[in-house]
file entry35.cif (mmCIF, C-alpha atoms and all ligand atoms)
data_start
loop_
_atom_site.label_atom_id
_atom_site.label_comp_id
_atom_site.auth_asym_id
_atom_site.auth_seq_id
_atom_site.Cartn_x
_atom_site.Cartn_y
_atom_site.Cartn_z
CA MET R 81 -46.03 -18.54 -10.09
CA THR R 82 -49.66 -17.57 -10.60
CA ILE R 83 -50.88 -19.41 -13.70
CA VAL R 84 -53.63 -17.03 -14.75
CA GLN R 85 -54.20 -13.52 -13.51
CA ALA R 86 -56.94 -11.18 -14.62
CA ASP R 87 -56.81 -7.59 -13.49
CA LYS R 88 -59.99 -5.54 -14.02
CA ALA R 89 -60.47 -7.39 -17.30
CA GLY R 90 -63.42 -6.35 -19.43
CA LYS R 91 -64.88 -7.34 -22.77
CA ALA R 92 -67.19 -5.26 -24.92
CA TYR R 93 -68.66 -6.16 -28.30
CA LYS R 94 -69.30 -2.83 -30.03
CA ASP R 95 -70.71 -0.80 -27.13
CA ARG R 96 -72.13 -3.83 -25.27
CA HIS R 97 -70.19 -4.61 -22.10
CA VAL R 98 -70.29 -8.36 -21.64
CA LEU R 99 -67.64 -8.53 -18.89
CA GLN R 100 -66.59 -5.76 -16.55
CA GLN R 101 -63.82 -5.36 -13.99
CA VAL R 102 -63.07 -9.06 -13.55
CA SER R 103 -60.08 -9.69 -11.30
CA LEU R 104 -58.92 -13.17 -10.32
CA ALA R 105 -55.78 -15.22 -9.78
CA VAL R 106 -55.46 -18.96 -10.29
CA GLU R 107 -52.60 -20.80 -8.64
CA PRO R 108 -50.87 -23.93 -9.98
CA GLY R 109 -52.75 -27.17 -9.31
CA GLU R 110 -56.01 -25.59 -8.21
CA CYS R 111 -59.49 -26.03 -9.66
CA LEU R 112 -61.51 -22.84 -10.07
CA GLY R 113 -65.19 -23.23 -10.95
CA ILE R 114 -66.97 -20.42 -12.79
CA ILE R 115 -70.72 -20.38 -12.24
CA GLY R 116 -73.54 -17.95 -13.01
CA PRO R 117 -76.83 -17.67 -14.91
CA ASN R 118 -77.25 -17.95 -18.68
CA GLY R 119 -75.65 -15.03 -20.47
CA SER R 120 -73.67 -13.84 -17.42
CA GLY R 121 -70.39 -13.99 -19.36
CA LYS R 122 -68.89 -17.35 -18.30
CA SER R 123 -67.86 -18.52 -21.78
CA THR R 124 -66.56 -15.07 -22.64
CA LEU R 125 -64.42 -15.09 -19.49
CA LEU R 126 -63.05 -18.51 -20.44
CA LYS R 127 -62.10 -17.13 -23.87
CA LEU R 128 -60.15 -14.33 -22.22
CA LEU R 129 -58.45 -16.69 -19.75
CA SER R 130 -57.41 -19.08 -22.52
CA GLY R 131 -55.99 -16.30 -24.70
CA ILE R 132 -58.49 -17.05 -27.50
CA GLU R 133 -59.75 -13.48 -27.20
CA ALA R 134 -58.13 -10.33 -25.86
CA PRO R 135 -59.81 -8.18 -23.20
CA THR R 136 -61.00 -4.75 -24.35
CA SER R 137 -59.98 -3.29 -20.99
CA GLY R 138 -57.72 -4.39 -18.15
CA SER R 139 -55.36 -7.33 -18.57
CA VAL R 140 -55.11 -11.12 -18.59
CA LEU R 141 -51.71 -12.60 -17.87
CA LEU R 142 -50.72 -16.23 -18.37
CA GLU R 143 -47.69 -16.96 -16.18
CA GLY R 144 -47.00 -13.26 -16.06
CA ARG R 145 -47.18 -12.66 -19.82
CA SER R 146 -50.01 -11.18 -21.80
CA ALA R 147 -52.00 -14.08 -23.27
CA HIS R 148 -51.78 -12.47 -26.69
CA ALA R 149 -48.01 -12.29 -26.53
CA TYR R 150 -47.83 -16.10 -26.81
CA PRO R 151 -47.47 -17.53 -30.30
CA ARG R 152 -50.51 -19.75 -31.08
CA LYS R 153 -48.51 -22.97 -31.11
CA ARG R 154 -46.83 -22.19 -27.79
CA LEU R 155 -50.24 -21.41 -26.27
CA ALA R 156 -51.61 -24.74 -27.53
CA GLN R 157 -48.70 -26.56 -25.87
CA TRP R 158 -49.56 -24.93 -22.63
CA ALA R 159 -53.36 -24.58 -22.38
CA ALA R 160 -56.14 -26.84 -23.66
CA VAL R 161 -59.86 -26.15 -23.93
CA LEU R 162 -62.56 -28.81 -23.66
CA GLN R 163 -66.03 -27.71 -24.72
CA GLN R 164 -69.54 -29.10 -24.26
CA ASP R 165 -69.60 -31.08 -27.44
CA ALA R 166 -66.13 -30.76 -28.84
CA LEU R 167 -67.33 -32.51 -32.05
CA PRO R 168 -64.16 -34.12 -33.36
CA PRO R 169 -63.95 -33.94 -37.16
CA LEU R 170 -65.94 -36.50 -39.13
CA GLY R 171 -64.22 -39.44 -40.78
CA PHE R 172 -61.48 -39.95 -38.22
CA THR R 173 -61.04 -42.83 -35.81
CA VAL R 174 -60.94 -42.46 -32.03
CA ARG R 175 -57.20 -43.10 -32.07
CA GLU R 176 -56.57 -40.52 -34.78
CA VAL R 177 -58.57 -37.85 -32.97
CA ILE R 178 -56.69 -38.41 -29.71
CA GLY R 179 -53.42 -38.25 -31.67
CA MET R 180 -54.49 -34.82 -32.98
CA GLY R 181 -53.82 -33.49 -29.49
CA ARG R 182 -50.13 -33.87 -30.36
CA TYR R 183 -50.22 -31.48 -33.37
CA PRO R 184 -48.82 -28.51 -31.42
CA PHE R 185 -45.79 -30.64 -30.54
CA GLN R 186 -44.95 -31.77 -34.06
CA ASN R 187 -42.24 -30.17 -36.14
CA TRP R 188 -42.72 -29.44 -39.85
CA LEU R 189 -41.90 -33.07 -40.70
CA GLY R 190 -44.77 -34.20 -38.48
CA THR R 191 -42.36 -35.72 -35.96
CA ASP R 192 -43.21 -35.45 -32.28
CA SER R 193 -40.77 -34.60 -29.53
CA ALA R 194 -42.33 -37.19 -27.19
CA ASP R 195 -43.16 -40.87 -27.65
CA ALA R 196 -46.62 -39.93 -28.89
CA GLU R 197 -47.85 -43.45 -29.74
CA ARG R 198 -47.17 -44.74 -26.21
CA LEU R 199 -48.83 -41.70 -24.74
CA VAL R 200 -51.92 -42.24 -26.91
CA ASP R 201 -51.96 -45.94 -25.86
CA ARG R 202 -51.90 -44.98 -22.19
CA ILE R 203 -54.71 -42.46 -22.63
CA ILE R 204 -56.85 -44.96 -24.56
CA GLU R 205 -56.47 -47.49 -21.78
CA ARG R 206 -57.09 -44.94 -19.07
CA LEU R 207 -60.31 -43.71 -20.65
CA GLN R 208 -61.51 -47.25 -21.40
CA LEU R 209 -61.49 -46.65 -25.14
CA VAL R 210 -59.48 -49.76 -26.16
CA LYS R 211 -62.42 -51.46 -27.87
CA LEU R 212 -63.48 -48.26 -29.61
CA GLN R 213 -60.08 -47.05 -30.75
CA HIS R 214 -60.47 -47.99 -34.43
CA ARG R 215 -64.10 -46.87 -34.70
CA GLN R 216 -64.96 -43.63 -36.47
CA VAL R 217 -65.95 -40.91 -34.04
CA ASP R 218 -69.09 -39.95 -36.01
CA GLY R 219 -70.91 -43.12 -34.93
CA LEU R 220 -70.22 -42.79 -31.21
CA SER R 221 -72.71 -41.81 -28.52
CA GLY R 222 -72.48 -38.37 -26.89
CA GLY R 223 -70.79 -39.82 -23.80
CA GLU R 224 -68.23 -41.73 -25.86
CA ARG R 225 -67.46 -38.68 -27.98
CA GLN R 226 -66.87 -36.57 -24.90
CA ARG R 227 -64.45 -39.22 -23.62
CA VAL R 228 -62.56 -38.99 -26.92
CA ALA R 229 -62.51 -35.18 -26.64
CA LEU R 230 -61.04 -35.56 -23.14
CA GLY R 231 -58.44 -37.98 -24.56
CA LYS R 232 -57.45 -35.41 -27.17
CA VAL R 233 -56.83 -32.68 -24.57
CA MET R 234 -54.96 -35.20 -22.37
CA ALA R 235 -52.65 -35.94 -25.31
CA GLN R 236 -51.90 -32.23 -25.40
CA GLN R 237 -50.41 -32.59 -21.88
CA PRO R 238 -51.37 -29.02 -20.99
CA ARG R 239 -50.51 -27.25 -17.76
CA LEU R 240 -53.81 -25.41 -17.85
CA LEU R 241 -57.11 -27.08 -18.72
CA LEU R 242 -60.15 -24.94 -19.43
CA LEU R 243 -63.49 -26.71 -19.41
CA ASP R 244 -66.63 -25.15 -20.86
CA GLU R 245 -69.63 -27.13 -19.63
CA PRO R 246 -67.87 -30.48 -20.08
CA THR R 247 -70.72 -32.56 -18.67
CA THR R 248 -73.82 -30.87 -20.12
CA PHE R 249 -74.91 -33.71 -22.40
CA LEU R 250 -73.81 -36.54 -20.12
CA ASP R 251 -75.88 -38.81 -17.91
CA ILE R 252 -75.07 -38.84 -14.19
CA GLY R 253 -72.73 -41.85 -14.49
CA TYR R 254 -70.66 -40.23 -17.24
CA GLN R 255 -70.72 -36.86 -15.45
CA ILE R 256 -69.08 -38.27 -12.36
CA GLN R 257 -66.68 -40.43 -14.37
CA MET R 258 -65.58 -37.44 -16.46
CA MET R 259 -65.04 -35.22 -13.44
CA ASP R 260 -63.23 -38.02 -11.56
CA TRP R 261 -60.86 -38.58 -14.49
CA ILE R 262 -60.13 -34.88 -14.65
CA ARG R 263 -59.55 -34.73 -10.90
CA SER R 264 -57.15 -37.67 -10.85
CA TRP R 265 -55.28 -36.27 -13.85
CA GLN R 266 -55.09 -32.96 -12.00
CA LYS R 267 -53.72 -34.59 -8.84
CA GLU R 268 -51.15 -36.68 -10.70
CA SER R 269 -49.73 -33.98 -12.93
CA GLY R 270 -50.31 -30.77 -10.99
CA LEU R 271 -52.66 -29.63 -13.75
CA THR R 272 -54.51 -26.35 -13.16
CA VAL R 273 -58.21 -26.46 -14.04
CA ILE R 274 -60.69 -23.66 -14.73
CA ALA R 275 -64.18 -25.03 -15.32
CA VAL R 276 -67.41 -23.34 -16.38
CA LEU R 277 -70.15 -25.46 -14.84
CA HIS R 278 -73.92 -24.98 -14.78
CA ASP R 279 -74.36 -27.74 -12.24
CA LEU R 280 -73.70 -26.10 -8.88
CA ASN R 281 -73.54 -29.46 -7.11
CA LEU R 282 -70.78 -30.73 -9.37
CA ALA R 283 -68.98 -27.39 -9.08
CA ALA R 284 -69.06 -27.56 -5.26
CA GLN R 285 -67.85 -31.18 -5.27
CA TYR R 286 -64.92 -30.76 -7.63
CA CYS R 287 -63.71 -27.17 -7.34
CA GLY R 288 -61.89 -25.85 -4.29
CA ARG R 289 -62.84 -22.32 -5.21
CA LEU R 290 -65.84 -20.88 -7.03
CA LEU R 291 -66.42 -17.59 -8.77
CA ILE R 292 -69.93 -16.46 -9.54
CA LEU R 293 -70.73 -14.06 -12.37
CA GLN R 294 -73.85 -11.98 -12.82
CA GLU R 295 -74.34 -9.67 -15.79
CA GLY R 296 -70.64 -9.73 -16.54
CA ARG R 297 -69.42 -8.90 -13.06
CA VAL R 298 -67.96 -11.06 -10.28
CA VAL R 299 -70.49 -11.02 -7.46
CA ALA R 300 -68.68 -13.48 -5.18
CA ALA R 301 -65.59 -15.67 -5.12
CA GLY R 302 -64.44 -18.07 -2.45
CA THR R 303 -64.81 -21.60 -1.15
CA PRO R 304 -68.00 -23.56 -2.02
CA GLU R 305 -69.18 -22.88 1.57
CA GLU R 306 -68.88 -19.14 0.94
CA VAL R 307 -70.48 -19.10 -2.50
CA ILE R 308 -73.19 -21.77 -2.33
CA ALA R 309 -75.33 -19.74 0.07
CA PRO R 310 -79.14 -19.45 -0.25
CA GLY R 311 -79.30 -15.62 -0.13
CA LEU R 312 -76.57 -15.13 -2.70
CA LEU R 313 -77.97 -17.78 -5.04
CA GLU R 314 -81.44 -16.28 -4.83
CA ARG R 315 -80.10 -12.83 -5.68
CA VAL R 316 -78.16 -14.16 -8.65
CA TYR R 317 -80.48 -16.84 -10.04
CA GLY R 318 -83.85 -15.49 -8.89
CA THR R 319 -84.84 -18.80 -7.31
CA GLN R 320 -84.44 -19.96 -3.75
CA PRO R 321 -82.78 -23.35 -3.49
CA ILE R 322 -82.37 -25.35 -0.28
CA VAL R 323 -78.69 -25.67 0.61
CA MET R 324 -77.62 -28.80 2.50
CA ARG R 325 -74.35 -30.51 3.35
CA HIS R 326 -73.40 -33.53 1.31
CA PRO R 327 -73.69 -36.44 3.76
CA VAL R 328 -70.34 -37.93 2.70
CA SER R 329 -68.09 -35.07 1.58
CA GLY R 330 -69.69 -32.30 3.66
CA VAL R 331 -69.62 -29.79 0.78
CA PRO R 332 -72.74 -27.66 0.22
CA GLN R 333 -75.26 -29.05 -2.24
CA ILE R 334 -78.50 -27.57 -3.47
CA LEU R 335 -82.02 -28.94 -3.82
CA LEU R 336 -84.35 -27.06 -6.12
CA GLN R 337 -87.70 -25.86 -4.80
CA PRO R 338 -90.45 -25.70 -7.42
CA ASP R 339 -92.33 -22.41 -7.33
CA GLY R 340 -90.14 -21.10 -4.50
CA GLY R 341 -91.34 -23.90 -2.23
CA GLN R 342 -94.80 -22.40 -1.77
CA GLU R 343 -97.66 -24.78 -2.36
N1 LIG Q 401 -69.24 -12.31 -30.24
C1 LIG Q 401 -70.21 -11.71 -29.54
N2 LIG Q 401 -70.81 -10.60 -29.99
C2 LIG Q 401 -71.79 -9.98 -29.28
N3 LIG Q 401 -72.25 -10.42 -28.09
C3 LIG Q 401 -71.69 -11.53 -27.61
C4 LIG Q 401 -70.65 -12.24 -28.28
N4 LIG Q 401 -70.31 -13.32 -27.53
C5 LIG Q 401 -71.09 -13.28 -26.44
N5 LIG Q 401 -71.93 -12.22 -26.48
C6 LIG Q 401 -72.94 -11.87 -25.47
O1 LIG Q 401 -72.33 -11.82 -24.23
C7 LIG Q 401 -73.20 -12.26 -23.19
C8 LIG Q 401 -72.49 -13.33 -22.38
O2 LIG Q 401 -72.33 -14.49 -23.18
P1 LIG Q 401 -71.60 -15.80 -22.65
O3 LIG Q 401 -71.75 -16.83 -23.72
O4 LIG Q 401 -70.23 -15.44 -22.21
O5 LIG Q 401 -72.49 -16.15 -21.39
P2 LIG Q 401 -72.56 -17.51 -20.58
O6 LIG Q 401 -72.61 -17.14 -19.15
O7 LIG Q 401 -71.48 -18.43 -21.00
O8 LIG Q 401 -73.99 -18.05 -21.04
P3 LIG Q 401 -74.60 -19.53 -21.05
O9 LIG Q 401 -74.65 -19.99 -19.64
O10 LIG Q 401 -75.99 -19.30 -21.58
O11 LIG Q 401 -73.76 -20.37 -21.93
C9 LIG Q 401 -74.45 -12.77 -23.89
O12 LIG Q 401 -75.45 -11.79 -23.76
C10 LIG Q 401 -74.03 -12.93 -25.33
O13 LIG Q 401 -75.10 -12.68 -26.21
#
call {"tool": "encode", "arguments": {"input": "entry35.cif", "output": "structure tokens", "more": "lines below"}}
Ligand SMILES: Nc1ncnc2c1ncn2[C@@H]1O[C@H](COP(=O)(O)OP(=O)(O)OP(=O)(O)O)[C@@H](O)[C@H]1O
result
Amino acid sequence: MTIVQADKAGKAYKDRHVLQQVSLAVEPGECLGIIGPNGSGKSTLLKLLSGIEAPTSGSVLLEGRSAHAYPRKRLAQWAAVLQQDALPPLGFTVREVIGMGRYPFQNWLGTDSADAERLVDRIIERLQLVKLQHRQVDGLSGGERQRVALGKVMAQQPRLLLLDEPTTFLDIGYQIQMMDWIRSWQKESGLTVIAVLHDLNLAAQYCGRLLILQEGRVVAAGTPEEVIAPGLLERVYGTQPIVMRHPVSGVPQILLQPDGGQE
């Protein structure tokens, strides 16, 4: 069954239309990348697709049901959101923060339906956080904190993972590591991923399908080959990048041209 379906979804704040007529369908196990310039509505779209906000027109269905029809706790057991700097609360250890991902699964006695401690152990090992697990999160570097935030959403064991700029503050090593972890998690568990990414090269490498927004409307959707095209990118971003094939994976990659390439 289609995991997420938007049908002519729109969002307006007062009389300002931030998103208009957005239609898309995301199938189980796929990775959809959402790209587009600053202010084009990417984060707003993610809020609609995660059920955090309701559309003001059209509809968003999660497994066939209106996102707003889900009780909050049920939604949290099903979908998880990872943001740019998820800023785990101060004063907690790495292990405690990862364990917080289990809150939606606890009953009123605080007991979990799964073997939560073993799950947290496995995640800590997987994300190479063993040495850091008893450290407070406040003292960690940006890259370490983002790893902890990923651990927390992994503990949630969602079926749908929504990423809002997950790699923005990370160096290239951490960017690749983060996206690789997410990809292997996706492959192992059939997780569905929707990712807002500013980095078109990362988006083309990790997402099988891309959707590009401009001023709140979908201007193109398709494979990276279809979307990462010089003419389209110039129209949307107002700059003309060089598009080349990645020498190893073959996916399209861009090189920026200062001043439009004219000396
Ligand atoms: N709560 C709100 N009230 C009014 N306007 C809003 C609200 N949230 C977002 N907007 C506006 O909607 C537009 C789209 O914002 P959004 O954050 O979705 O864009 P974005 O593509 O994620 O941008 P960026 O790449 O810069 O993060 C912006 O002009 C923003 O000012």
call {"tool": "residues_near_ligand", "arguments": {"input": "entry35.cif", "ligand": "ligand LIG 401 (chain Q)", "cutoff": "6 Å", "atoms": "only C-alpha atoms and all ligand atoms", "output": "list in words"}}
result
Tyr93, Val98, Pro117, Asn118, Gly119, Ser120, Gly121, Lys122, Ser123 and Thr124 of chain R
call {"tool": "atom_distance", "arguments": {"input": "entry35.cif", "atom1": "CA of Gly288 (chain R)", "atom2": "CA of Val276 (chain R)"}}
result
13.5 Å
call {"tool": "atom_distance", "arguments": {"input": "entry35.cif", "atom1": "CA of Gly330 (chain R)", "atom2": "CA of Arg227 (chain R)"}}
result
28.6 Å
call {"tool": "closest_residue", "arguments": {"input": "entry35.cif", "among": "R:Val217, R:Met81, R:Ala284, R:Leu290", "to": "Leu170 (chain R)", "atoms": "all atoms listed in the file"}}
result
R:Val217
call {"tool": "residues_around", "arguments": {"input": "entry35.cif", "residues": "region 172-184 of chain R", "least_positions_apart": "3", "cutoff": "10 Å", "atoms": "only C-alpha atoms", "output": "PyMOL selection string"}}
result
chain R and resi 152-158+160+168-169+187+190-194+196-197+199-201+203-204+209-210+212-220+224-225+227-238
call {"tool": "atom_distance", "arguments": {"input": "entry35.cif", "atom1": "CA of Pro135 (chain R)", "atom2": "CA of His97 (chain R)"}}
result
11.0 Å
call {"tool": "residues_around", "arguments": {"input": "entry35.cif", "residues": "region 318-323 of chain R", "least_positions_apart": "5", "cutoff": "12 Å", "atoms": "all atoms listed in the file", "output": "PDB file with C-alpha atoms, keeping the file's coordinate frame"}}
result
ATOM      1  CA  GLY R 116     -73.540 -17.950 -13.010  1.00  0.00           C
ATOM      2  CA  PRO R 117     -76.830 -17.670 -14.910  1.00  0.00           C
ATOM      3  CA  LEU R 280     -73.700 -26.100  -8.880  1.00  0.00           C
ATOM      4  CA  ASN R 281     -73.540 -29.460  -7.110  1.00  0.00           C
ATOM      5  CA  ALA R 284     -69.060 -27.560  -5.260  1.00  0.00           C
ATOM      6  CA  GLN R 294     -73.850 -11.980 -12.820  1.00  0.00           C
ATOM      7  CA  PRO R 304     -68.000 -23.560  -2.020  1.00  0.00           C
ATOM      8  CA  GLU R 305     -69.180 -22.880   1.570  1.00  0.00           C
ATOM      9  CA  GLU R 306     -68.880 -19.140   0.940  1.00  0.00           C
ATOM     10  CA  VAL R 307     -70.480 -19.100  -2.500  1.00  0.00           C
ATOM     11  CA  ILE R 308     -73.190 -21.770  -2.330  1.00  0.00           C
ATOM     12  CA  ALA R 309     -75.330 -19.740   0.070  1.00  0.00           C
ATOM     13  CA  PRO R 310     -79.140 -19.450  -0.250  1.00  0.00           C
ATOM     14  CA  GLY R 311     -79.300 -15.620  -0.130  1.00  0.00           C
ATOM     15  CA  LEU R 312     -76.570 -15.130  -2.700  1.00  0.00           C
ATOM     16  CA  LEU R 313     -77.970 -17.780  -5.040  1.00  0.00           C
ATOM     17  CA  GLY R 330     -69.690 -32.300   3.660  1.00  0.00           C
ATOM     18  CA  VAL R 331     -69.620 -29.790   0.780  1.00  0.00           C
ATOM     19  CA  PRO R 332     -72.740 -27.660   0.220  1.00  0.00           C
ATOM     20  CA  GLN R 333     -75.260 -29.050  -2.240  1.00  0.00           C
ATOM     21  CA  ILE R 334     -78.500 -27.570  -3.470  1.00  0.00           C
ATOM     22  CA  LEU R 335     -82.020 -28.940  -3.820  1.00  0.00           C
ATOM     23  CA  LEU R 336     -84.350 -27.060  -6.120  1.00  0.00           C
ATOM     24  CA  GLN R 337     -87.700 -25.860  -4.800  1.00  0.00           C
ATOM     25  CA  PRO R 338     -90.450 -25.700  -7.420  1.00  0.00           C
ATOM     26  CA  ASP R 339     -92.330 -22.410  -7.330  1.00  0.00           C
ATOM     27  CA  GLY R 340     -90.140 -21.100  -4.500  1.00  0.00           C
ATOM     28  CA  GLY R 341     -91.340 -23.900  -2.230  1.00  0.00           C
ATOM     29  CA  GLN R 342     -94.800 -22.400  -1.770  1.00  0.00           C
TER      30      GLN R 342
END
call {"tool": "axis_aligned_box", "arguments": {"input": "entry35.cif", "around": "region 115-124 of chain R", "padding_each_side": "3 Å", "output": "AutoDock Vina command-line options"}}
result
--center_x -71.9 --center_y -17.1 --center_z -17.4 --size_x 16.7 --size_y 12.5 --size_z 16.4
call {"tool": "residues_near_point", "arguments": {"input": "entry35.cif", "point": "(-58.0, -25.5, -14.5)", "cutoff": "9 Å", "atoms": "all atoms listed in the file", "output": "ChimeraX atom specification"}}
result
/R:106,108-113,239-243,266,271-275
call {"tool": "residues_around", "arguments": {"input": "entry35.cif", "residues": "Lys88 (chain R)", "least_positions_apart": "6", "cutoff": "10 Å", "atoms": "only C-alpha atoms", "output": "list in words"}}
result
Leu99, Gln100, Gln101, Val102, Ser103, Leu104, Pro135, Ser137, Gly138, Ser139 and Val140 of chain R
call {"tool": "residues_around", "arguments": {"input": "entry35.cif", "residues": "Met259 (chain R)", "least_positions_apart": "5", "cutoff": "10 Å", "atoms": "only C-alpha atoms", "output": "MDAnalysis selection string"}}
result
chainID R and resid 246:247 254 264:265 282:283 285:286
call {"tool": "closest_residue", "arguments": {"input": "entry35.cif", "among": "R:Asp244, R:Asp260, R:Glu295, R:Asp251", "to": "Lys127 (chain R)", "atoms": "all atoms listed in the file"}}
result
R:Asp244
call {"tool": "decode", "arguments": {"input": "entry35.cif", "residues": "region 233-259 of chain R", "atoms": "N, CA and C atoms", "output": "short mmCIF file (atom, residue, chain, number, x, y, z; two decimals), in the first residue's frame"}}
result
data_model
loop_
_atom_site.label_atom_id
_atom_site.label_comp_id
_atom_site.auth_asym_id
_atom_site.auth_seq_id
_atom_site.Cartn_x
_atom_site.Cartn_y
_atom_site.Cartn_z
N VAL R 233 15.86 8.32 16.58
CA VAL R 233 14.79 7.95 15.64
C VAL R 233 14.87 6.46 15.27
N MET R 234 16.09 5.88 15.31
CA MET R 234 16.19 4.44 15.04
C MET R 234 15.48 3.65 16.14
N ALA R 235 15.60 4.14 17.39
CA ALA R 235 14.96 3.44 18.51
C ALA R 235 13.44 3.47 18.37
N GLN R 236 12.96 4.44 17.63
CA GLN R 236 11.52 4.57 17.40
C GLN R 236 11.02 3.50 16.42
N GLN R 237 11.95 2.85 15.72
CA GLN R 237 11.64 1.81 14.73
C GLN R 237 10.46 2.21 13.83
N PRO R 238 10.58 3.39 13.19
CA PRO R 238 9.45 3.84 12.38
C PRO R 238 9.37 3.10 11.05
N ARG R 239 8.23 3.20 10.40
CA ARG R 239 8.13 2.67 9.03
C ARG R 239 8.42 3.76 8.04
N LEU R 240 8.21 5.01 8.49
CA LEU R 240 8.47 6.17 7.63
C LEU R 240 9.43 7.10 8.35
N LEU R 241 10.52 7.44 7.66
CA LEU R 241 11.49 8.38 8.24
C LEU R 241 11.51 9.64 7.40
N LEU R 242 11.30 10.77 8.06
CA LEU R 242 11.33 12.06 7.36
C LEU R 242 12.55 12.82 7.81
N LEU R 243 13.36 13.21 6.85
CA LEU R 243 14.62 13.89 7.18
C LEU R 243 14.55 15.33 6.68
N ASP R 244 14.82 16.29 7.58
CA ASP R 244 14.84 17.68 7.16
C ASP R 244 16.28 18.17 7.24
N GLU R 245 16.97 18.18 6.11
CA GLU R 245 18.35 18.67 6.07
C GLU R 245 19.23 17.96 7.10
N PRO R 246 19.29 16.64 7.06
CA PRO R 246 19.99 15.92 8.13
C PRO R 246 21.50 16.13 8.13
N THR R 247 22.06 16.62 7.04
CA THR R 247 23.53 16.68 6.96
C THR R 247 24.07 18.10 6.90
N THR R 248 23.21 19.09 7.09
CA THR R 248 23.62 20.49 6.88
C THR R 248 24.88 20.90 7.64
N PHE R 249 24.97 20.51 8.93
CA PHE R 249 26.10 20.98 9.72
C PHE R 249 27.25 19.97 9.77
N LEU R 250 27.21 18.97 8.89
CA LEU R 250 28.20 17.90 8.99
C LEU R 250 29.30 18.05 7.95
N ASP R 251 30.51 17.62 8.33
CA ASP R 251 31.60 17.62 7.35
C ASP R 251 31.37 16.47 6.36
N ILE R 252 32.16 16.44 5.28
CA ILE R 252 31.86 15.46 4.22
C ILE R 252 31.92 14.01 4.70
N GLY R 253 32.82 13.73 5.65
CA GLY R 253 32.94 12.37 6.16
C GLY R 253 31.66 11.95 6.89
N TYR R 254 31.18 12.84 7.77
CA TYR R 254 29.96 12.56 8.53
C TYR R 254 28.73 12.54 7.62
N GLN R 255 28.75 13.39 6.58
CA GLN R 255 27.60 13.43 5.66
C GLN R 255 27.39 12.07 5.02
N ILE R 256 28.49 11.52 4.50
CA ILE R 256 28.40 10.23 3.81
C ILE R 256 28.05 9.13 4.80
N GLN R 257 28.68 9.18 5.98
CA GLN R 257 28.44 8.15 6.99
C GLN R 257 26.95 8.14 7.39
N MET R 258 26.42 9.33 7.61
CA MET R 258 25.02 9.48 8.01
C MET R 258 24.09 8.92 6.93
N MET R 259 24.35 9.31 5.69
CA MET R 259 23.48 8.85 4.61
C MET R 259 23.66 7.35 4.38
#
